[in-house]
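The data block below is start-v5.txt; it holds compact mmCIF, C-alpha atoms and all ligand atoms.
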```txt
# COMPACT_ATOMS: atom_id res chain seq x y z
CA MET R 188 -49.08 -60.46 -80.25
CA LYS R 189 -50.11 -57.28 -78.57
CA SER R 190 -51.15 -59.06 -75.42
CA LEU R 191 -47.89 -60.97 -75.30
CA LEU R 192 -45.93 -57.76 -75.55
CA THR R 193 -47.96 -56.15 -72.82
CA TRP R 194 -47.43 -59.15 -70.65
CA MET R 195 -43.68 -59.10 -71.20
CA VAL R 196 -43.35 -55.45 -70.34
CA PHE R 197 -45.51 -55.96 -67.32
CA SER R 198 -43.51 -58.95 -66.17
CA LEU R 199 -40.29 -56.98 -66.45
CA ILE R 200 -41.59 -54.27 -64.20
CA ALA R 201 -43.22 -56.70 -61.83
CA CYS R 202 -40.18 -58.88 -61.42
CA GLY R 203 -38.28 -57.53 -58.46
CA GLN R 204 -35.00 -59.31 -59.01
CA CYS R 205 -34.67 -58.15 -62.59
CA SER R 206 -35.42 -54.46 -62.35
CA ARG R 207 -32.60 -52.27 -63.49
CA LEU R 208 -33.26 -49.88 -60.62
CA HIS R 209 -32.82 -52.59 -58.04
CA LEU R 210 -29.59 -53.71 -59.65
CA ILE R 211 -28.20 -50.18 -59.87
CA GLU R 212 -29.03 -49.51 -56.23
CA HIS R 213 -27.16 -52.63 -55.17
CA PHE R 214 -24.24 -51.78 -57.40
CA LEU R 215 -23.89 -48.29 -55.93
CA GLN R 216 -24.08 -49.68 -52.45
CA GLN R 217 -21.71 -52.57 -53.00
CA ARG R 218 -19.01 -50.31 -54.45
CA SER R 219 -19.57 -47.40 -52.02
CA ILE R 220 -20.18 -45.01 -54.88
CA ASN R 221 -20.77 -41.34 -54.19
CA THR R 222 -20.98 -39.93 -57.71
CA LEU R 223 -23.07 -41.42 -60.47
CA LEU R 224 -22.84 -40.56 -64.13
CA LEU R 225 -25.81 -41.84 -66.00
CA LEU R 226 -25.03 -41.93 -69.71
CA HIS R 227 -28.39 -42.40 -71.39
CA CYS R 228 -30.46 -42.21 -74.53
CA VAL R 229 -33.76 -41.50 -72.85
CA GLN R 230 -35.56 -40.67 -76.08
CA GLU R 231 -35.00 -44.18 -77.34
CA THR R 232 -37.19 -47.09 -76.30
CA VAL R 233 -34.30 -49.05 -74.79
CA ASP R 234 -33.66 -46.37 -72.18
CA GLN R 235 -37.09 -45.02 -71.47
CA ASP R 236 -37.12 -46.18 -67.88
CA VAL R 237 -34.12 -43.96 -67.11
CA VAL R 238 -36.53 -41.27 -65.94
CA ARG R 239 -38.19 -43.62 -63.49
CA ILE R 240 -34.83 -45.02 -62.36
CA SER R 241 -33.38 -41.60 -61.85
CA LYS R 242 -36.33 -40.34 -59.82
CA ALA R 243 -36.17 -43.39 -57.60
CA LEU R 244 -32.41 -43.04 -57.16
CA ARG R 245 -32.89 -39.49 -55.95
CA GLN R 246 -34.69 -41.05 -52.99
CA SER R 247 -32.37 -43.96 -52.30
CA PHE R 248 -28.92 -42.69 -53.29
CA ARG R 249 -27.21 -39.97 -51.28
CA GLY R 250 -24.49 -39.06 -53.76
CA SER R 251 -24.60 -36.80 -56.79
CA ILE R 252 -26.20 -37.92 -60.03
CA TYR R 253 -25.33 -36.42 -63.39
CA HIS R 254 -27.18 -37.24 -66.58
CA ILE R 255 -25.55 -37.13 -69.96
CA ASP R 256 -27.53 -37.81 -73.11
CA VAL R 257 -25.11 -39.64 -75.39
CA THR R 258 -27.20 -38.94 -78.48
CA LYS R 259 -26.75 -35.17 -78.16
CA ASN R 260 -23.94 -33.16 -79.70
CA HIS R 261 -22.73 -31.68 -76.45
CA PHE R 262 -22.11 -35.16 -75.04
CA HIS R 263 -18.34 -34.94 -75.52
CA GLN R 264 -18.07 -31.66 -73.71
CA GLN R 265 -20.27 -32.75 -70.82
CA LEU R 266 -18.35 -35.96 -70.45
CA GLY R 267 -15.10 -34.00 -70.24
CA TRP R 268 -16.51 -31.96 -67.36
CA HIS R 269 -17.44 -34.96 -65.32
CA MET R 270 -14.73 -37.51 -65.97
CA TYR R 271 -11.85 -35.84 -64.26
CA CYS R 272 -12.12 -36.27 -60.57
CA GLU R 273 -10.18 -39.12 -59.05
CA ARG R 274 -11.09 -38.09 -55.53
CA TYR R 275 -14.63 -39.36 -55.74
CA LYS R 276 -15.83 -42.88 -56.17
CA THR R 277 -17.57 -42.51 -59.46
CA ALA R 278 -19.79 -45.04 -61.19
CA VAL R 279 -20.67 -44.71 -64.85
CA ILE R 280 -23.72 -46.50 -66.19
CA TYR R 281 -24.36 -47.00 -69.87
CA ASN R 282 -26.80 -49.00 -71.94
CA LEU R 283 -25.00 -50.51 -74.91
CA GLU R 284 -28.31 -50.79 -76.73
CA CYS R 285 -28.46 -47.04 -77.27
CA SER R 286 -27.91 -45.92 -80.83
CA GLY R 287 -24.48 -44.62 -81.73
CA THR R 288 -22.79 -46.85 -79.18
CA GLU R 289 -19.79 -47.42 -81.36
CA ALA R 290 -18.95 -43.71 -81.53
CA VAL R 291 -19.55 -43.30 -77.81
CA LEU R 292 -17.27 -46.20 -76.92
CA ASP R 293 -14.62 -44.92 -79.31
CA ARG R 294 -14.67 -41.65 -77.47
CA LEU R 295 -14.41 -43.32 -74.08
CA SER R 296 -11.50 -45.43 -75.31
CA GLU R 297 -9.72 -42.56 -76.91
CA LYS R 298 -9.89 -40.63 -73.64
CA ALA R 299 -8.71 -43.71 -71.73
CA TYR R 300 -11.71 -43.55 -69.44
CA PHE R 301 -11.76 -47.32 -68.97
CA ASN R 302 -9.24 -47.00 -66.18
CA ALA R 303 -9.09 -47.77 -62.50
CA SER R 304 -10.75 -44.49 -61.51
CA PHE R 305 -14.27 -45.39 -62.59
CA GLN R 306 -16.67 -48.19 -61.83
CA TRP R 307 -18.46 -49.11 -65.03
CA LEU R 308 -21.84 -50.76 -65.19
CA MET R 309 -22.76 -51.70 -68.75
CA PHE R 310 -26.13 -53.03 -69.81
CA GLY R 311 -25.95 -55.25 -72.86
CA GLY R 312 -29.65 -56.13 -73.16
CA GLN R 313 -30.06 -59.57 -74.66
CA ASN R 314 -27.51 -59.18 -77.37
CA MET R 315 -24.42 -60.70 -75.95
CA GLU R 316 -22.65 -61.03 -79.26
CA LEU R 317 -23.04 -57.38 -80.13
CA ALA R 318 -22.00 -56.13 -76.72
CA THR R 319 -18.93 -58.33 -76.47
CA SER R 320 -17.81 -57.53 -79.99
CA LEU R 321 -18.16 -53.79 -79.34
CA LEU R 322 -16.29 -53.97 -76.05
CA SER R 323 -13.57 -56.18 -77.51
CA GLN R 324 -12.52 -53.31 -79.70
CA GLN R 325 -12.05 -50.90 -76.83
CA ASN R 326 -9.01 -49.75 -74.96
CA ILE R 327 -9.84 -51.67 -71.82
CA ASN R 328 -7.10 -51.80 -69.25
CA TYR R 329 -5.88 -54.48 -66.94
CA ASP R 330 -7.25 -52.58 -63.97
CA THR R 331 -10.60 -51.60 -65.50
CA LYS R 332 -13.55 -52.15 -63.20
CA MET R 333 -16.41 -53.05 -65.46
CA LEU R 334 -19.49 -55.11 -64.81
CA LEU R 335 -21.38 -56.16 -67.93
CA VAL R 336 -24.98 -57.25 -67.53
CA PHE R 337 -27.24 -59.19 -69.86
CA GLU R 338 -30.87 -60.11 -69.57
CA SER R 339 -31.55 -63.75 -70.11
CA VAL R 340 -34.33 -66.22 -69.46
CA ASP R 341 -33.87 -68.80 -66.79
CA PRO R 342 -34.10 -72.14 -68.66
CA GLU R 343 -35.42 -73.89 -65.55
CA LYS R 344 -38.19 -71.41 -64.89
CA GLN R 345 -39.40 -70.51 -68.34
CA ARG R 346 -40.11 -66.83 -68.95
CA GLU R 347 -38.47 -65.80 -65.75
CA GLN R 348 -36.06 -63.05 -66.51
CA ARG R 349 -32.73 -62.91 -64.78
CA TYR R 350 -29.48 -61.02 -65.11
CA GLU R 351 -26.25 -62.56 -66.23
CA PHE R 352 -22.99 -60.90 -65.16
CA TYR R 353 -19.53 -60.63 -66.61
CA ASP R 354 -16.42 -58.92 -65.43
CA VAL R 355 -14.64 -57.14 -68.25
CA SER R 356 -10.93 -56.44 -68.26
CA GLY R 357 -8.10 -56.49 -70.70
CA THR R 358 -4.68 -55.41 -71.68
CA VAL R 359 -3.94 -52.19 -73.48
CA LYS R 360 -5.64 -52.18 -76.85
CA ARG R 361 -2.91 -50.34 -78.65
CA ARG R 362 -0.62 -53.21 -77.88
CA GLY R 363 -3.08 -55.58 -79.50
CA GLY R 364 -4.33 -56.55 -76.07
CA LYS R 365 -7.20 -58.90 -75.52
CA VAL R 366 -10.46 -58.06 -73.77
CA ILE R 367 -11.44 -60.74 -71.31
CA PHE R 368 -15.01 -61.51 -70.24
CA THR R 369 -15.16 -63.47 -67.01
CA PRO R 370 -18.57 -64.95 -66.14
CA LEU R 371 -19.69 -64.04 -62.64
CA GLY R 372 -23.02 -65.84 -62.56
CA PHE R 373 -26.69 -64.91 -62.46
CA SER R 374 -28.98 -62.84 -60.33
CA THR R 375 -31.05 -64.84 -57.86
CA PRO R 376 -33.97 -63.80 -55.68
CA GLU R 377 -31.52 -63.52 -52.78
CA ASN R 378 -28.71 -61.80 -54.63
CA VAL R 379 -29.38 -59.22 -57.27
CA LEU R 380 -25.67 -58.78 -57.83
CA PRO R 381 -22.99 -61.43 -57.72
CA THR R 382 -21.29 -61.12 -54.38
CA ILE R 383 -17.89 -62.04 -55.72
CA VAL R 384 -16.17 -59.02 -57.08
CA PRO R 385 -13.05 -60.15 -58.89
CA GLN R 386 -10.02 -59.07 -56.98
CA LYS R 387 -7.64 -57.04 -59.01
CA PRO R 388 -4.49 -55.40 -57.87
CA ASP R 389 -4.87 -51.76 -57.07
CA LEU R 390 -2.66 -49.20 -58.75
CA LYS R 391 0.26 -50.00 -56.54
CA GLY R 392 0.03 -53.62 -57.49
CA ILE R 393 0.43 -53.20 -61.20
CA VAL R 394 3.76 -51.56 -61.24
CA LEU R 395 6.85 -53.25 -62.44
CA TRP R 396 10.51 -52.62 -62.66
CA THR R 397 12.01 -52.48 -66.05
CA VAL R 398 15.70 -53.03 -66.32
CA VAL R 399 17.56 -52.91 -69.54
CA SER R 400 21.03 -54.14 -70.24
CA PHE R 401 22.87 -53.33 -73.42
CA TYR R 402 25.87 -54.98 -74.97
CA SER R 403 27.25 -51.67 -76.12
CA THR R 404 29.08 -49.02 -74.03
CA PHE R 405 28.57 -49.06 -70.29
CA ILE R 406 26.93 -52.45 -70.12
CA VAL R 407 29.79 -54.31 -71.67
CA GLY R 408 31.59 -54.03 -68.35
CA TYR R 409 28.45 -55.04 -66.56
CA GLN R 410 28.13 -58.05 -68.79
CA LEU R 411 31.60 -59.25 -67.81
CA ILE R 412 30.68 -59.12 -64.16
CA SER R 413 27.39 -60.94 -64.52
CA PRO R 414 25.51 -62.20 -67.55
CA PRO R 415 22.51 -60.10 -68.65
CA LYS R 416 19.08 -60.70 -67.13
CA THR R 417 20.46 -61.81 -63.80
CA ILE R 418 18.97 -58.93 -61.88
CA ASN R 419 15.61 -60.54 -61.35
CA THR R 420 14.70 -59.67 -57.79
CA LEU R 421 14.32 -56.42 -55.91
CA GLU R 422 17.20 -57.42 -53.65
CA LYS R 423 19.53 -57.90 -56.60
CA LEU R 424 18.33 -54.62 -58.03
CA ALA R 425 19.13 -52.86 -54.76
CA ASP R 426 22.60 -54.38 -54.71
CA SER R 427 23.32 -53.71 -58.37
CA SER R 428 25.12 -50.75 -59.81
CA LEU R 429 22.09 -49.81 -61.89
CA LYS R 430 20.63 -46.39 -61.46
CA MET R 431 16.96 -46.16 -60.82
CA GLY R 432 14.02 -43.88 -61.42
CA VAL R 433 10.30 -43.90 -60.77
CA GLU R 434 7.48 -42.35 -62.71
CA ASN R 435 6.70 -38.97 -61.21
CA LEU R 436 3.12 -39.55 -60.10
CA SER R 437 1.56 -38.66 -56.79
CA TYR R 438 0.68 -42.25 -55.97
CA GLN R 439 4.27 -43.35 -56.50
CA HIS R 440 5.51 -40.73 -54.04
CA ASP R 441 2.74 -41.84 -51.77
CA PHE R 442 3.72 -45.48 -52.08
CA PHE R 443 7.29 -44.87 -51.01
CA ALA R 444 6.16 -42.59 -48.22
CA ARG R 445 3.91 -45.30 -46.79
CA THR R 446 5.56 -48.57 -47.57
CA THR R 447 6.97 -50.66 -44.76
CA ASN R 448 8.53 -53.15 -47.14
CA PRO R 449 12.23 -53.04 -46.19
CA ILE R 450 13.45 -53.69 -49.69
CA ALA R 451 11.27 -50.97 -51.19
CA LEU R 452 12.59 -48.61 -48.52
CA LYS R 453 16.14 -49.59 -49.30
CA LEU R 454 15.58 -48.94 -52.97
CA TYR R 455 14.09 -45.60 -52.14
CA ASN R 456 16.80 -44.48 -49.73
CA GLU R 457 19.77 -45.73 -51.71
CA LYS R 458 18.69 -45.50 -55.32
CA ILE R 459 15.77 -43.16 -55.80
CA ALA R 460 16.05 -40.34 -53.28
CA PRO R 461 19.73 -39.54 -53.99
CA ASN R 462 19.21 -39.73 -57.77
CA LYS R 463 18.75 -36.48 -59.65
CA TYR R 464 16.49 -38.46 -61.98
CA GLY R 465 14.74 -40.34 -59.19
CA PHE R 466 11.30 -39.17 -60.24
CA VAL R 467 10.84 -38.49 -63.92
CA ASN R 468 8.04 -38.61 -66.44
CA LEU R 469 7.35 -41.75 -68.45
CA THR R 470 8.95 -40.63 -71.70
CA PHE R 471 12.08 -39.51 -69.97
CA GLY R 472 12.23 -42.64 -67.83
CA ILE R 473 12.08 -44.95 -70.82
CA GLN R 474 14.63 -42.78 -72.55
CA LEU R 475 16.96 -43.42 -69.62
CA VAL R 476 16.28 -47.15 -69.83
CA LYS R 477 17.10 -47.00 -73.50
CA GLY R 478 20.42 -45.41 -72.63
CA GLY R 479 21.29 -48.50 -70.58
CA GLY R 480 22.19 -49.23 -67.00
CA TYR R 481 18.94 -47.91 -65.77
CA ALA R 482 15.87 -49.34 -64.07
CA PHE R 483 12.64 -47.46 -64.36
CA HIS R 484 9.54 -48.06 -62.33
CA CYS R 485 6.27 -47.50 -64.14
CA ASP R 486 2.72 -48.63 -64.56
CA THR R 487 2.38 -51.59 -66.91
CA THR R 488 -1.06 -50.59 -68.10
CA TYR R 489 0.42 -47.94 -70.32
CA GLY R 490 4.17 -48.09 -69.73
CA TYR R 491 4.65 -50.77 -72.31
CA THR R 492 2.91 -48.81 -74.99
CA HIS R 493 5.74 -46.31 -74.73
CA VAL R 494 8.32 -49.04 -74.49
CA LEU R 495 7.08 -50.52 -77.75
CA GLU R 496 7.12 -47.15 -79.41
CA MET R 497 10.53 -46.06 -78.22
CA LEU R 498 12.66 -49.19 -78.20
CA THR R 499 13.72 -51.52 -80.97
CA GLU R 500 12.79 -55.17 -80.93
CA GLN R 501 16.31 -56.10 -79.94
CA GLN R 502 16.25 -53.64 -77.07
CA ILE R 503 12.89 -54.93 -75.92
CA CYS R 504 14.23 -58.47 -75.88
CA GLU R 505 16.90 -57.38 -73.47
CA LEU R 506 14.44 -55.97 -71.00
CA GLN R 507 14.14 -57.60 -67.67
CA GLU R 508 11.10 -57.10 -65.52
CA ILE R 509 10.97 -57.31 -61.77
CA GLU R 510 7.62 -57.13 -60.12
CA LEU R 511 7.16 -55.19 -56.97
CA TYR R 512 4.68 -57.82 -55.82
CA PRO R 513 6.10 -61.00 -57.28
CA GLN R 514 3.17 -63.13 -56.19
CA ARG R 515 0.92 -61.42 -58.70
CA ALA R 516 0.60 -62.54 -62.26
CA ILE R 517 1.32 -59.79 -64.70
CA HIS R 518 0.58 -60.20 -68.37
CA VAL R 519 3.56 -58.99 -70.28
CA PRO R 520 3.65 -60.73 -73.65
CA MET R 521 7.28 -59.94 -74.31
CA LYS R 522 8.10 -63.49 -75.24
CA ASP R 523 6.18 -63.19 -78.49
CA LEU R 524 8.51 -60.49 -79.66
CA CYS R 525 11.65 -62.32 -78.80
CA GLY R 526 10.49 -65.77 -79.99
C1 LIG K 601 -8.59 -42.07 -65.47
O1 LIG K 601 -8.95 -41.08 -66.40
C2 LIG K 601 -9.28 -39.83 -65.83
C3 LIG K 601 -9.72 -38.93 -66.94
O2 LIG K 601 -8.76 -38.78 -67.91
C4 LIG K 601 -8.09 -39.27 -65.08
O3 LIG K 601 -8.42 -38.05 -64.46
C5 LIG K 601 -7.65 -40.26 -64.04
O4 LIG K 601 -6.50 -39.79 -63.42
C6 LIG K 601 -7.38 -41.61 -64.67
N1 LIG K 601 -7.10 -42.57 -63.63
C7 LIG K 601 -6.09 -43.41 -63.67
C8 LIG K 601 -5.95 -44.32 -62.53
O5 LIG K 601 -5.27 -43.43 -64.58
C1 LIG K 602 6.97 -34.15 -60.56
O1 LIG K 602 5.60 -33.80 -60.45
C2 LIG K 602 5.37 -32.65 -59.65
C3 LIG K 602 3.87 -32.51 -59.49
O2 LIG K 602 3.20 -32.72 -60.71
C4 LIG K 602 6.03 -31.45 -60.29
O3 LIG K 602 5.83 -30.33 -59.49
C5 LIG K 602 7.52 -31.72 -60.45
O4 LIG K 602 8.14 -30.67 -61.12
C6 LIG K 602 7.75 -33.01 -61.20
N1 LIG K 602 9.16 -33.34 -61.23
C7 LIG K 602 9.81 -33.69 -62.33
C8 LIG K 602 11.25 -33.99 -62.18
O5 LIG K 602 9.23 -33.78 -63.42
C1 LIG K 603 9.52 -35.16 -69.53
O1 LIG K 603 10.61 -34.68 -68.79
C2 LIG K 603 11.64 -34.13 -69.61
C3 LIG K 603 12.82 -33.82 -68.71
O2 LIG K 603 12.41 -33.20 -67.52
C4 LIG K 603 11.10 -32.90 -70.34
O3 LIG K 603 12.11 -32.36 -71.19
C5 LIG K 603 9.89 -33.32 -71.19
O4 LIG K 603 9.31 -32.20 -71.79
C6 LIG K 603 8.87 -34.04 -70.33
N1 LIG K 603 7.84 -34.58 -71.18
C7 LIG K 603 6.56 -34.49 -70.91
C8 LIG K 603 5.63 -35.13 -71.88
O5 LIG K 603 6.15 -33.91 -69.91
```

Starting from the coordinates I provided, produce the structure as structure tokens.
Ligand SMILES: *[C@@H]1O[C@H](CO)[C@@H](O)[C@H](O)[C@H]1NC(C)=O
Ligand SMILES: *[C@@H]1O[C@H](CO)[C@@H](O)[C@H](O)[C@H]1NC(C)=O
Ligand SMILES: *[C@@H]1O[C@H](CO)[C@@H](O)[C@H](O)[C@H]1NC(C)=O
Amino acid sequence: MKSLLTWMVFSLIACGQCSRLHLIEHFLQQRSINTLLLLHCVQETVDQDVVRISKALRQSFRGSIYHIDVTKNHFHQQLGWHMYCERYKTAVIYNLECSGTEAVLDRLSEKAYFNASFQWLMFGGQNMELATSLLSQQNINYDTKMLLVFESVDPEKQREQRYEFYDVSGTVKRRGGKVIFTPLGFSTPENVLPTIVPQKPDLKGIVLWTVVSFYSTFIVGYQLISPPKTINTLEKLADSSLKMGVENLSYQHDFFARTTNPIALKLYNEKIAPNKYGFVNLTFGIQLVKGGGYAFHCDTTYGYTHVLEMLTEQQICELQEIELYPQRAIHVPMKDLCG
């Protein structure tokens, strides 16, 4: 027994393609990371090689490395210090086999850290069921960048360890969203990491236009002119009498400043710029939508959480969505509500 154990440990270290260090180095390189947050539980057996990994990374990685021991009380505070900066390309690495994982993940979810700003690399050890069930309960967004890694044995070459990769993404948990695990394949001697990184829309790609039409007040007249839900393209939106607002975020301003899309420019020049409420916060924007005759542009990853909280079922059924990039599939399970 003892000799088998020794052999296994030795084989793990000896096997080039399955060393965690090697994988991490490739990950950092592939994603052009310049800040690394290593969440660890170094005092536990499952994470003992963090010291060795970290020392080696100091040699090979030019960016900054921060270590946070997730088993210590000050973990929350330290995390708060490091998880704020959108400017840097930050990777966060975490071993799901550490003790207390559930509480750690809860914290990360609660703070909405599984968002587009961070590149997550999660090690799930050999326990796929545990890791997937833990992650399924998290607030994992549509635009989350998370690579989940398992160790498995190659059935063809017995005892040869390899890594198995999954992309993890989802819809917003609070809306009862689903977490999706997409298999990306295995490590090979040639490729430590899968070369295919799933393409997801960037922030500008996951916006949508929400238009509401009511049968009460103002919209009654509108309804006589055209039946509800007929404004289903950006062109029709631009030509409609609807007022329009956009969520007041720097990247939205940036989008309209840079876009060359003529219809987006038209919307901006004719609807948004002259509007007193052209750029408003999310709550206010949805409030305006609720009032009727208004289209509000927001991020679907969290916009709909507010929509669900602020609007009645009937009002939600009358929503019309227009995507800024219509070629992209957007998961908006509104149909369920309106059945
Ligand atoms: C992700 O979360 C961090 C920390 O709360 C925040 O600073 C950042 O702006 C968020 N990024 C996105 C794209 O929402
Ligand atoms: C929009 O955001 C900017 C920067 O955060 C702020 O200065 C401005 O007052 C905001 N405008 C509105 C209408 O909330
Ligand atoms: C949103 O904007 C409205 C109107 O400018 C303001 O009254 C409200 O306090 C803002 N809400 C938040 C959460 O910033």

**OP:** Within 9 Å of ligand LIG 602 (chain K), which residues show up when you count only C-alpha atoms and all ligand atoms? List them as an NGL selection string, please.
**Re:** :R and (434-437 or 463-468)

**OP:** Provide the atom CA of R:Ala460 to atom CA of R:Asp330 distance in Å, to one decimal place.
**Re:** 28.4 Å

Subject >> For R:Lys276, the nearest of the candidates R:Thr420, R:Phe310, R:Ser304, R:Arg239, counting all atoms listed in the file >> reply: R:Ser304

Original post:
If you measure from atom CA of R:Leu224 to atom CA of R:Gln306, what distance in Å do you get, rounded to one decimal?
Top reply: 10.1 Å

**OP:** Might you pull out every residue within 12 Å of R:Gln325, with all atoms listed in the file counted and same-chain residues fewer than 2 positions away left off, and present them as an NGL selection string?
**Re:** :R and (288-302 or 318-323 or 327-328 or 331 or 355-367)

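Here atom CA of R:Pro381 stands at a distance of 7.5 Å from atom CA of R:Phe352.
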
Original post:
Could you name the residues that touch R:Gln348 at 7 Å or less, counting all atoms listed in the file, but leaving out those on the same chain fewer than 5 positions away, as a list in words?
Top reply: Cys205, Glu338, Ser339, Val340 and Asp341 of chain R

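Among R:Gln439, R:Cys228, R:Met309, R:Ile280, the residue with the shortest atom-to-atom distance to ligand LIG 601 (chain K), counting only C-alpha atoms and all ligand atoms, is R:Gln439.
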
**OP:** Name the residues in contact with R:Lys458 at a cut-off of 9 Å, using all atoms listed in the file, excluding same-chain residues fewer than 6 positions from it; report them as number ranges by chain.
**Re:** R: 425, 429-432, 465

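Using all atoms listed in the file, every residue with an atom at most 12 Å from the point (-31.9, -55.0, -56.7) is listed here: Cys202, Gly203, Gln204, Cys205, Ser206, Arg207, Leu208, His209, Leu210, Ile211, Glu212, His213, Phe214, Leu215, Gln216, Gln217, Ile240, Leu244, Ser247, Arg349, Tyr350, Ser374, Thr375, Pro376, Glu377, Asn378, Val379, Leu380 and Pro381 of chain R.
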
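Compared by their closest atoms to ligand LIG 603 (chain K), and using all atoms listed in the file, the residues R:Thr222, R:Asn314, R:Gln474, R:Thr417 rank with R:Gln474 nearest.
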
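Taking only C-alpha atoms and all ligand atoms into account, ligand LIG 601 (chain K) lies nearest to R:Ala303 out of the set R:Leu266, R:Met333, R:Ala303, R:Leu226.
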
Pull out stretch 444-450 of chain R, keep all heavy atoms, and write it as a compact mmCIF listing (two decimals), in the first residue's frame.
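Written output follows (selection_27.txt):
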```
# COMPACT_ATOMS: atom_id res chain seq x y z
N ALA R 444 -19.72 55.92 -28.17
CA ALA R 444 -18.67 56.80 -28.65
C ALA R 444 -17.88 56.14 -29.79
O ALA R 444 -17.38 56.80 -30.68
CB ALA R 444 -17.73 57.18 -27.52
N ARG R 445 -17.79 54.80 -29.74
CA ARG R 445 -16.95 54.10 -30.71
C ARG R 445 -17.69 53.44 -31.85
O ARG R 445 -17.09 53.14 -32.88
CB ARG R 445 -16.17 52.98 -30.00
CG ARG R 445 -15.06 53.46 -29.13
CD ARG R 445 -14.71 52.33 -28.16
NE ARG R 445 -13.76 52.79 -27.17
CZ ARG R 445 -12.45 52.59 -27.27
NH1 ARG R 445 -11.97 51.94 -28.29
NH2 ARG R 445 -11.65 53.03 -26.34
N THR R 446 -18.96 53.19 -31.66
CA THR R 446 -19.64 52.37 -32.65
C THR R 446 -19.69 53.04 -34.02
O THR R 446 -19.75 54.27 -34.14
CB THR R 446 -21.08 52.00 -32.21
OG1 THR R 446 -21.63 51.10 -33.18
CG2 THR R 446 -21.98 53.22 -32.11
N THR R 447 -19.63 52.21 -35.05
CA THR R 447 -19.76 52.73 -36.41
C THR R 447 -21.06 52.21 -37.01
O THR R 447 -21.37 52.50 -38.16
CB THR R 447 -18.58 52.27 -37.29
OG1 THR R 447 -18.49 50.85 -37.16
CG2 THR R 447 -17.28 52.91 -36.87
N ASN R 448 -21.78 51.44 -36.22
CA ASN R 448 -23.06 50.91 -36.67
C ASN R 448 -24.04 52.07 -36.87
O ASN R 448 -24.39 52.76 -35.92
CB ASN R 448 -23.56 49.93 -35.58
CG ASN R 448 -24.91 49.33 -35.91
OD1 ASN R 448 -25.67 49.87 -36.71
ND2 ASN R 448 -25.21 48.22 -35.27
N PRO R 449 -24.49 52.28 -38.11
CA PRO R 449 -25.31 53.47 -38.39
C PRO R 449 -26.60 53.51 -37.57
O PRO R 449 -27.02 54.59 -37.16
CB PRO R 449 -25.62 53.35 -39.89
CG PRO R 449 -25.16 52.01 -40.33
CD PRO R 449 -24.22 51.48 -39.32
N ILE R 450 -27.17 52.35 -37.33
CA ILE R 450 -28.44 52.35 -36.61
C ILE R 450 -28.22 52.66 -35.12
O ILE R 450 -29.01 53.39 -34.49
CB ILE R 450 -29.22 51.03 -36.85
CG1 ILE R 450 -30.64 51.14 -36.31
CG2 ILE R 450 -28.54 49.82 -36.31
CD1 ILE R 450 -31.49 52.07 -37.14
```
